[in-house]
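**Q** Here you go, this is final-v3.txt (compact mmCIF, C-alpha atoms).
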# COMPACT_ATOMS: atom_id res chain seq x y z
CA MET N 1 -73.09 26.87 132.44
CA GLY N 2 -72.61 23.38 130.93
CA SER N 3 -72.28 20.00 132.61
CA GLU N 4 -69.33 18.46 130.83
CA ASN N 5 -67.22 17.04 133.67
CA LYS N 6 -68.00 13.45 132.77
CA ILE N 7 -66.28 10.11 132.87
CA ASP N 8 -64.62 9.50 129.52
CA ASP N 9 -63.26 6.03 130.12
CA VAL N 10 -64.89 3.65 132.58
CA GLY N 11 -61.94 1.27 132.36
CA TRP N 12 -59.38 3.55 133.99
CA TYR N 13 -61.91 4.64 136.61
CA ASN N 14 -62.37 1.08 137.89
CA TYR N 15 -58.76 0.04 137.47
CA ASP N 16 -57.96 0.15 141.19
CA ASN N 17 -60.59 -2.47 141.92
CA GLN N 18 -59.16 -5.03 139.51
CA ASP N 19 -56.53 -7.73 140.13
CA GLN N 20 -56.12 -6.83 143.82
CA PRO N 21 -54.78 -9.56 146.14
CA LEU N 22 -57.08 -10.88 148.83
CA SER N 23 -54.68 -9.77 151.53
CA ALA N 24 -52.62 -6.65 150.90
CA SER N 25 -49.85 -5.28 153.06
CA PRO N 26 -50.46 -2.05 155.04
CA SER N 27 -48.08 -0.15 152.76
CA MET N 28 -49.93 -1.34 149.66
CA GLN N 29 -53.29 -0.45 151.21
CA ASN N 30 -51.98 3.02 152.08
CA HIS N 31 -50.67 3.45 148.53
CA ASN N 32 -54.02 2.39 147.09
CA HIS N 33 -55.85 4.78 149.44
CA GLN N 34 -53.64 7.69 148.37
CA HIS N 35 -54.10 6.76 144.69
CA GLN N 36 -57.89 6.67 145.03
CA HIS N 37 -57.81 9.98 146.92
CA SER N 38 -55.78 11.60 144.12
CA LYS N 39 -58.34 10.39 141.57
CA PHE N 40 -61.18 11.73 143.72
CA LEU N 41 -59.62 15.21 143.88
CA THR N 42 -58.61 15.62 140.26
CA LEU N 43 -57.86 19.08 138.84
CA PRO N 44 -61.30 19.44 137.18
CA THR N 45 -62.99 18.48 140.45
CA VAL N 46 -60.89 21.00 142.39
CA LEU N 47 -61.93 23.72 139.91
CA THR N 48 -65.56 22.72 140.37
CA LEU N 49 -65.22 22.83 144.16
CA GLY N 50 -63.71 26.28 143.75
CA ARG N 51 -66.89 27.44 142.00
CA VAL N 52 -68.99 26.20 144.89
CA ALA N 53 -66.74 27.98 147.38
CA ALA N 54 -66.96 31.18 145.32
CA VAL N 55 -70.74 31.50 145.78
CA PRO N 56 -70.50 33.06 149.30
CA LEU N 57 -67.82 35.43 147.98
CA LEU N 58 -70.14 36.46 145.15
CA VAL N 59 -72.87 37.33 147.67
CA ALA N 60 -70.50 39.18 150.01
CA THR N 61 -68.95 41.35 147.28
CA PHE N 62 -72.34 42.11 145.73
CA TYR N 63 -73.47 43.88 148.90
CA ALA N 64 -70.17 45.69 149.42
CA ASP N 65 -71.03 49.34 148.64
CA SER N 66 -67.78 50.26 146.93
CA TRP N 67 -66.23 50.21 143.48
CA TRP N 68 -64.05 47.22 144.32
CA GLY N 69 -67.09 45.23 145.46
CA ARG N 70 -68.85 45.63 142.10
CA THR N 71 -65.63 44.81 140.23
CA ALA N 72 -64.99 41.76 142.42
CA THR N 73 -68.54 40.44 141.92
CA THR N 74 -68.23 40.58 138.14
CA SER N 75 -64.72 39.11 138.22
CA ILE N 76 -65.82 36.17 140.39
CA PHE N 77 -68.68 35.38 138.02
CA ILE N 78 -66.46 35.60 134.92
CA VAL N 79 -63.79 33.36 136.48
CA ALA N 80 -66.51 30.87 137.45
CA ALA N 81 -67.79 30.81 133.85
CA ILE N 82 -64.26 30.23 132.53
CA THR N 83 -63.51 27.42 135.00
CA ASP N 84 -66.83 25.81 134.08
CA TRP N 85 -65.55 25.42 130.52
CA LEU N 86 -62.01 24.59 131.67
CA ASP N 87 -62.89 21.75 134.03
CA GLY N 88 -64.93 20.02 131.31
CA TYR N 89 -62.10 20.47 128.80
CA LEU N 90 -59.48 19.06 131.19
CA ALA N 91 -61.73 16.16 132.18
CA ARG N 92 -62.05 15.13 128.52
CA LYS N 93 -58.54 15.98 127.34
CA MET N 94 -56.64 14.47 130.26
CA LYS N 95 -59.18 11.73 131.06
CA LEU N 96 -59.65 13.07 134.57
CA GLY N 97 -63.42 12.74 134.73
CA THR N 98 -64.89 11.16 137.88
CA ALA N 99 -68.37 10.19 139.03
CA PHE N 100 -68.16 12.78 141.81
CA GLY N 101 -67.08 15.48 139.34
CA ALA N 102 -69.94 14.61 136.98
CA PHE N 103 -72.36 15.00 139.89
CA LEU N 104 -70.83 18.19 141.30
CA ASP N 105 -70.36 20.14 138.05
CA PRO N 106 -74.06 20.89 137.35
CA VAL N 107 -74.63 21.56 141.05
CA ALA N 108 -71.89 24.23 141.04
CA ASP N 109 -73.35 25.79 137.88
CA LYS N 110 -76.86 25.99 139.29
CA LEU N 111 -75.66 27.45 142.60
CA MET N 112 -73.68 30.22 140.88
CA VAL N 113 -76.44 31.13 138.41
CA ALA N 114 -79.21 30.99 141.03
CA ALA N 115 -77.16 33.18 143.38
CA ALA N 116 -76.53 35.77 140.64
CA LEU N 117 -80.23 35.86 139.69
CA ILE N 118 -81.40 36.24 143.29
CA LEU N 119 -78.85 38.99 143.91
CA LEU N 120 -80.02 40.93 140.85
CA CYS N 121 -83.64 40.53 141.99
CA SER N 122 -82.75 42.00 145.37
CA ARG N 123 -81.33 45.16 143.78
CA PRO N 124 -83.04 45.88 140.44
CA LEU N 125 -81.18 48.06 137.94
CA GLU N 126 -82.62 51.15 136.33
CA VAL N 127 -83.26 50.52 132.65
CA ALA N 128 -83.50 53.29 130.10
CA MET N 129 -87.06 54.13 129.02
CA SER N 130 -88.62 52.16 131.90
CA GLY N 131 -86.70 53.14 135.04
CA GLU N 132 -86.51 50.72 137.98
CA VAL N 133 -89.04 47.89 137.60
CA ALA N 134 -89.38 45.53 140.59
CA TRP N 135 -90.46 42.49 138.55
CA LEU N 136 -87.96 42.97 135.72
CA PHE N 137 -85.58 40.25 136.95
CA THR N 138 -88.07 38.26 139.00
CA VAL N 139 -89.90 36.89 135.95
CA PRO N 140 -86.88 35.45 134.08
CA ALA N 141 -85.24 34.37 137.36
CA THR N 142 -88.33 32.34 138.31
CA ALA N 143 -88.43 30.73 134.86
CA ILE N 144 -84.73 29.84 134.85
CA ILE N 145 -84.50 28.56 138.44
CA GLY N 146 -87.83 26.72 138.13
CA ARG N 147 -86.64 25.03 134.96
CA GLU N 148 -83.37 23.91 136.57
CA ILE N 149 -85.15 22.46 139.61
CA THR N 150 -87.62 20.62 137.38
CA MET N 151 -84.91 19.23 135.08
CA SER N 152 -82.82 18.07 138.04
CA ALA N 153 -85.79 16.12 139.38
CA VAL N 154 -86.64 14.74 135.91
CA ARG N 155 -83.05 13.58 135.27
CA GLU N 156 -82.88 11.91 138.68
CA TRP N 157 -86.12 10.10 137.93
CA ALA N 158 -84.93 9.13 134.42
CA ALA N 159 -81.71 7.70 135.87
CA SER N 160 -83.81 5.23 137.88
CA GLN N 161 -85.73 4.16 134.78
CA ASN N 162 -84.61 2.72 131.43
CA GLY N 163 -81.88 3.92 129.07
CA LYS N 164 -84.32 5.42 126.58
CA LEU N 165 -85.50 7.95 129.16
CA LEU N 166 -81.90 8.91 129.87
CA GLU N 167 -81.37 9.52 126.17
CA ALA N 168 -84.47 11.70 126.11
CA VAL N 169 -83.04 14.07 128.75
CA ALA N 170 -79.50 14.19 127.35
CA VAL N 171 -78.10 17.71 126.90
CA ASN N 172 -78.95 19.17 123.48
CA ASN N 173 -77.91 22.24 121.48
CA LEU N 174 -80.91 24.20 122.75
CA GLY N 175 -79.63 23.81 126.29
CA LYS N 176 -76.18 24.99 125.23
CA TRP N 177 -77.60 28.14 123.65
CA LYS N 178 -79.60 28.72 126.81
CA THR N 179 -76.46 28.49 128.91
CA ALA N 180 -74.49 30.82 126.61
CA THR N 181 -77.11 33.60 126.61
CA GLN N 182 -77.59 33.13 130.34
CA MET N 183 -73.90 33.60 131.17
CA ILE N 184 -73.47 36.59 128.83
CA SER N 185 -76.55 38.36 130.15
CA LEU N 186 -75.64 37.85 133.81
CA THR N 187 -72.09 39.05 133.19
CA ILE N 188 -73.42 42.21 131.52
CA LEU N 189 -75.96 42.90 134.27
CA LEU N 190 -73.42 42.38 137.05
CA ALA N 191 -70.81 44.53 135.29
CA THR N 192 -73.17 47.43 134.58
CA ARG N 193 -73.86 47.90 138.27
CA ASP N 194 -70.61 49.89 138.15
CA SER N 195 -71.77 53.42 137.27
CA SER N 196 -68.27 54.32 136.07
CA LEU N 197 -68.78 52.20 132.97
CA GLY N 198 -69.77 54.26 129.96
CA GLY N 199 -72.69 53.45 127.69
CA SER N 200 -74.69 51.67 130.41
CA GLY N 201 -77.90 53.13 128.95
CA ILE N 202 -77.50 50.78 125.99
CA VAL N 203 -75.69 47.88 127.67
CA VAL N 204 -78.20 47.31 130.48
CA PRO N 205 -81.21 46.84 128.13
CA SER N 206 -79.16 44.43 126.02
CA GLY N 207 -78.37 42.39 129.15
CA VAL N 208 -82.05 42.35 130.12
CA ILE N 209 -83.09 41.27 126.63
CA LEU N 210 -80.53 38.43 126.65
CA LEU N 211 -81.77 37.34 130.08
CA TYR N 212 -85.34 37.12 128.79
CA ILE N 213 -84.11 35.22 125.74
CA SER N 214 -82.32 32.82 128.08
CA ALA N 215 -85.51 32.41 130.13
CA GLY N 216 -87.48 31.71 126.94
CA LEU N 217 -84.91 29.12 125.84
CA SER N 218 -85.08 27.55 129.31
CA VAL N 219 -88.84 27.06 129.08
CA TRP N 220 -88.58 25.92 125.46
CA SER N 221 -85.89 23.34 126.24
CA LEU N 222 -87.95 22.06 129.18
CA ALA N 223 -90.93 21.61 126.84
CA VAL N 224 -88.72 19.73 124.35
CA TYR N 225 -87.42 17.39 127.06
CA MET N 226 -90.93 16.74 128.36
CA SER N 227 -92.15 16.03 124.84
CA LYS N 228 -89.37 13.46 124.32
CA ILE N 229 -90.13 11.81 127.65
CA TRP N 230 -93.85 11.65 126.82
CA LYS N 231 -93.12 9.95 123.49
CA VAL N 232 -90.93 7.34 125.24
CA LEU N 233 -93.60 6.64 127.85
CA LEU N 234 -96.30 6.21 125.19
CA LYS N 235 -94.32 3.51 123.35
Show the structure stored in the file as structure tokens.
**A**
Amino acid sequence: MGSENKIDDVGWYNYDNQDQPLSASPSMQNHNHQHQHSKFLTLPTVLTLGRVAAVPLLVATFYADSWWGRTATTSIFIVAAITDWLDGYLARKMKLGTAFGAFLDPVADKLMVAAALILLCSRPLEVAMSGEVAWLFTVPATAIIGREITMSAVREWAASQNGKLLEAVAVNNLGKWKTATQMISLTILLATRDSSLGGSGIVVPSGVILLYISAGLSVWSLAVYMSKIWKVLLK
């Protein structure tokens, strides 16, 4: 999932703090408070909060031993992936980006993806030609989650340093491909838990392959970011 819920125009974001009288009436202060509250809870931010709230539902439906539980798990993950794109689009198109939304968006993405990976590790699928392999999901899950934790720490550190370091850790196309393969593979693997779906003997291996590709891209993108940071530090 991408992190695109960003502030598009700093001017409008700080507008409420400009040209304010030194002493405002209670009604004006109440109006300003309501206006700031409405900007805090913009539609993209509400969608992002919905993704965070959906994580416990994802876990609960995953362990529901029924057909509706498996269907609900997949549906929740698909809706989360769609809203991840939608909140970024609305933030840019309608200029509704906020600092809080920019912070929360990647957090929601990581929570949803990490939850899906851990759930799949807890109940491995049987893959054609190899059967049920305990470490099949553990290896890519460790690579993906480890990469996300490392990059979060690196970006936080870069934010406290100079602008060149921030540029070095800016999202690139490699990260976008990683996210795309990650979301497709997890959707496939969650959906194929439903034994009523036909052709699972072919679909499951394809989901596993995409997950390993995503893990490889995760490690590769981390190496690229670290290389850029190292070059900046050596200058």
**Q** Calculate how many Å separate atom CA of Ser152 of chain N from atom CA of Leu222 of chain N, rounding to one decimal.
**A**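 Straight-line distance from atom CA of Ser152 of chain N to atom CA of Leu222 of chain N works out to 11.0 Å.
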**Q** How many Å lie between atom CA of Ser218 of chain N and atom CA of Ile82 of chain N, rounded to one decimal?
**A** 21.2 Å
**Q** Compute the distance from (-79.7, 38.5, 144.2) to each atom, counting all atoms listed in the file, keep the residues with any atom at most 10 Å away, and return them as a PyMOL selection string; use the coordinates of the file.
**A** chain N and resi 58-59+62-63+113-124+137-138+141
**Q** Neighbouring residues of Leu217 of chain N were defined as those with any atom within 8 Å, considering all atoms listed in the file; residues of the same chain fewer than 6 positions away were excluded. Please report them as a list in words.
**A** Leu174, Gly175, Trp177 and Lys178 of chain N
**Q** Save the residues we just selected, C-alpha atoms, as a PDB file, in the frame of the given file?
**A**
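That gives us out-v1.pdb:
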ATOM      1  CA  LEU N 174     -80.910  24.200 122.750  1.00  0.00           C
ATOM      2  CA  GLY N 175     -79.630  23.810 126.290  1.00  0.00           C
ATOM      3  CA  TRP N 177     -77.600  28.140 123.650  1.00  0.00           C
ATOM      4  CA  LYS N 178     -79.600  28.720 126.810  1.00  0.00           C
TER       5      LYS N 178
END
**Q** Would you compute the distance between atom CA of Lys95 of chain N and atom CA of Arg155 of chain N? Give it in Å to one decimal.
**A**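 Separation of atom CA of Lys95 of chain N and atom CA of Arg155 of chain N: 24.3 Å.
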**Q** Quick one: everything within 9 Å of Leu210 of chain N, counting only C-alpha atoms, minus sequence neighbours fewer than 4 positions away in the same chain. Send it as a list in words.
**A**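 The residues satisfying every condition are Thr181, Gln182, Ile184, Ser185, Leu186, Pro205, Ser206, Ser214 and Ala215 of chain N.
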**Q** Generate a file of the selected residues that holds C-alpha atoms, formatted as an mmCIF file, in the frame of the given file.
**A**
data_model
loop_
_atom_site.group_PDB
_atom_site.id
_atom_site.type_symbol
_atom_site.label_atom_id
_atom_site.label_comp_id
_atom_site.auth_asym_id
_atom_site.auth_seq_id
_atom_site.Cartn_x
_atom_site.Cartn_y
_atom_site.Cartn_z
ATOM 1 C CA THR N 181 -77.110 33.600 126.610
ATOM 2 C CA GLN N 182 -77.590 33.130 130.340
ATOM 3 C CA ILE N 184 -73.470 36.590 128.830
ATOM 4 C CA SER N 185 -76.550 38.360 130.150
ATOM 5 C CA LEU N 186 -75.640 37.850 133.810
ATOM 6 C CA PRO N 205 -81.210 46.840 128.130
ATOM 7 C CA SER N 206 -79.160 44.430 126.020
ATOM 8 C CA SER N 214 -82.320 32.820 128.080
ATOM 9 C CA ALA N 215 -85.510 32.410 130.130
#
**Q** Which residue, N:Leu166, N:Ala191, N:Leu125, N:Ala80, has the smallest gap to Lys110 of chain N when you use all atoms listed in the file?
**A** N:Ala80
**Q** Can you tell me, as a PyMOL selection string, what residues are no more than 12 Å from Val232 of chain N when counting all atoms listed in the file, ignoring any on the same chain fewer than 6 positions away?
**A** chain N and resi 158+161-169+225-226
**Q** List the spatial neighbours of Thr71 of chain N as a PyMOL selection string - criterion: any atom at most 10 Å away, all atoms listed in the file, same-chain residues fewer than 4 positions off excluded.
**A** chain N and resi 61-62+66-67+75-76+190-194
**Q** Pull C-alpha atoms from the residues just selected and write them as a PDB file, keeping the file's coordinate frame.
**A**
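Now in out-v9.pdb:
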ATOM      1  CA  THR N  61     -68.950  41.350 147.280  1.00  0.00           C
ATOM      2  CA  PHE N  62     -72.340  42.110 145.730  1.00  0.00           C
ATOM      3  CA  SER N  66     -67.780  50.260 146.930  1.00  0.00           C
ATOM      4  CA  TRP N  67     -66.230  50.210 143.480  1.00  0.00           C
ATOM      5  CA  SER N  75     -64.720  39.110 138.220  1.00  0.00           C
ATOM      6  CA  ILE N  76     -65.820  36.170 140.390  1.00  0.00           C
ATOM      7  CA  LEU N 190     -73.420  42.380 137.050  1.00  0.00           C
ATOM      8  CA  ALA N 191     -70.810  44.530 135.290  1.00  0.00           C
ATOM      9  CA  THR N 192     -73.170  47.430 134.580  1.00  0.00           C
ATOM     10  CA  ARG N 193     -73.860  47.900 138.270  1.00  0.00           C
ATOM     11  CA  ASP N 194     -70.610  49.890 138.150  1.00  0.00           C
TER      12      ASP N 194
END
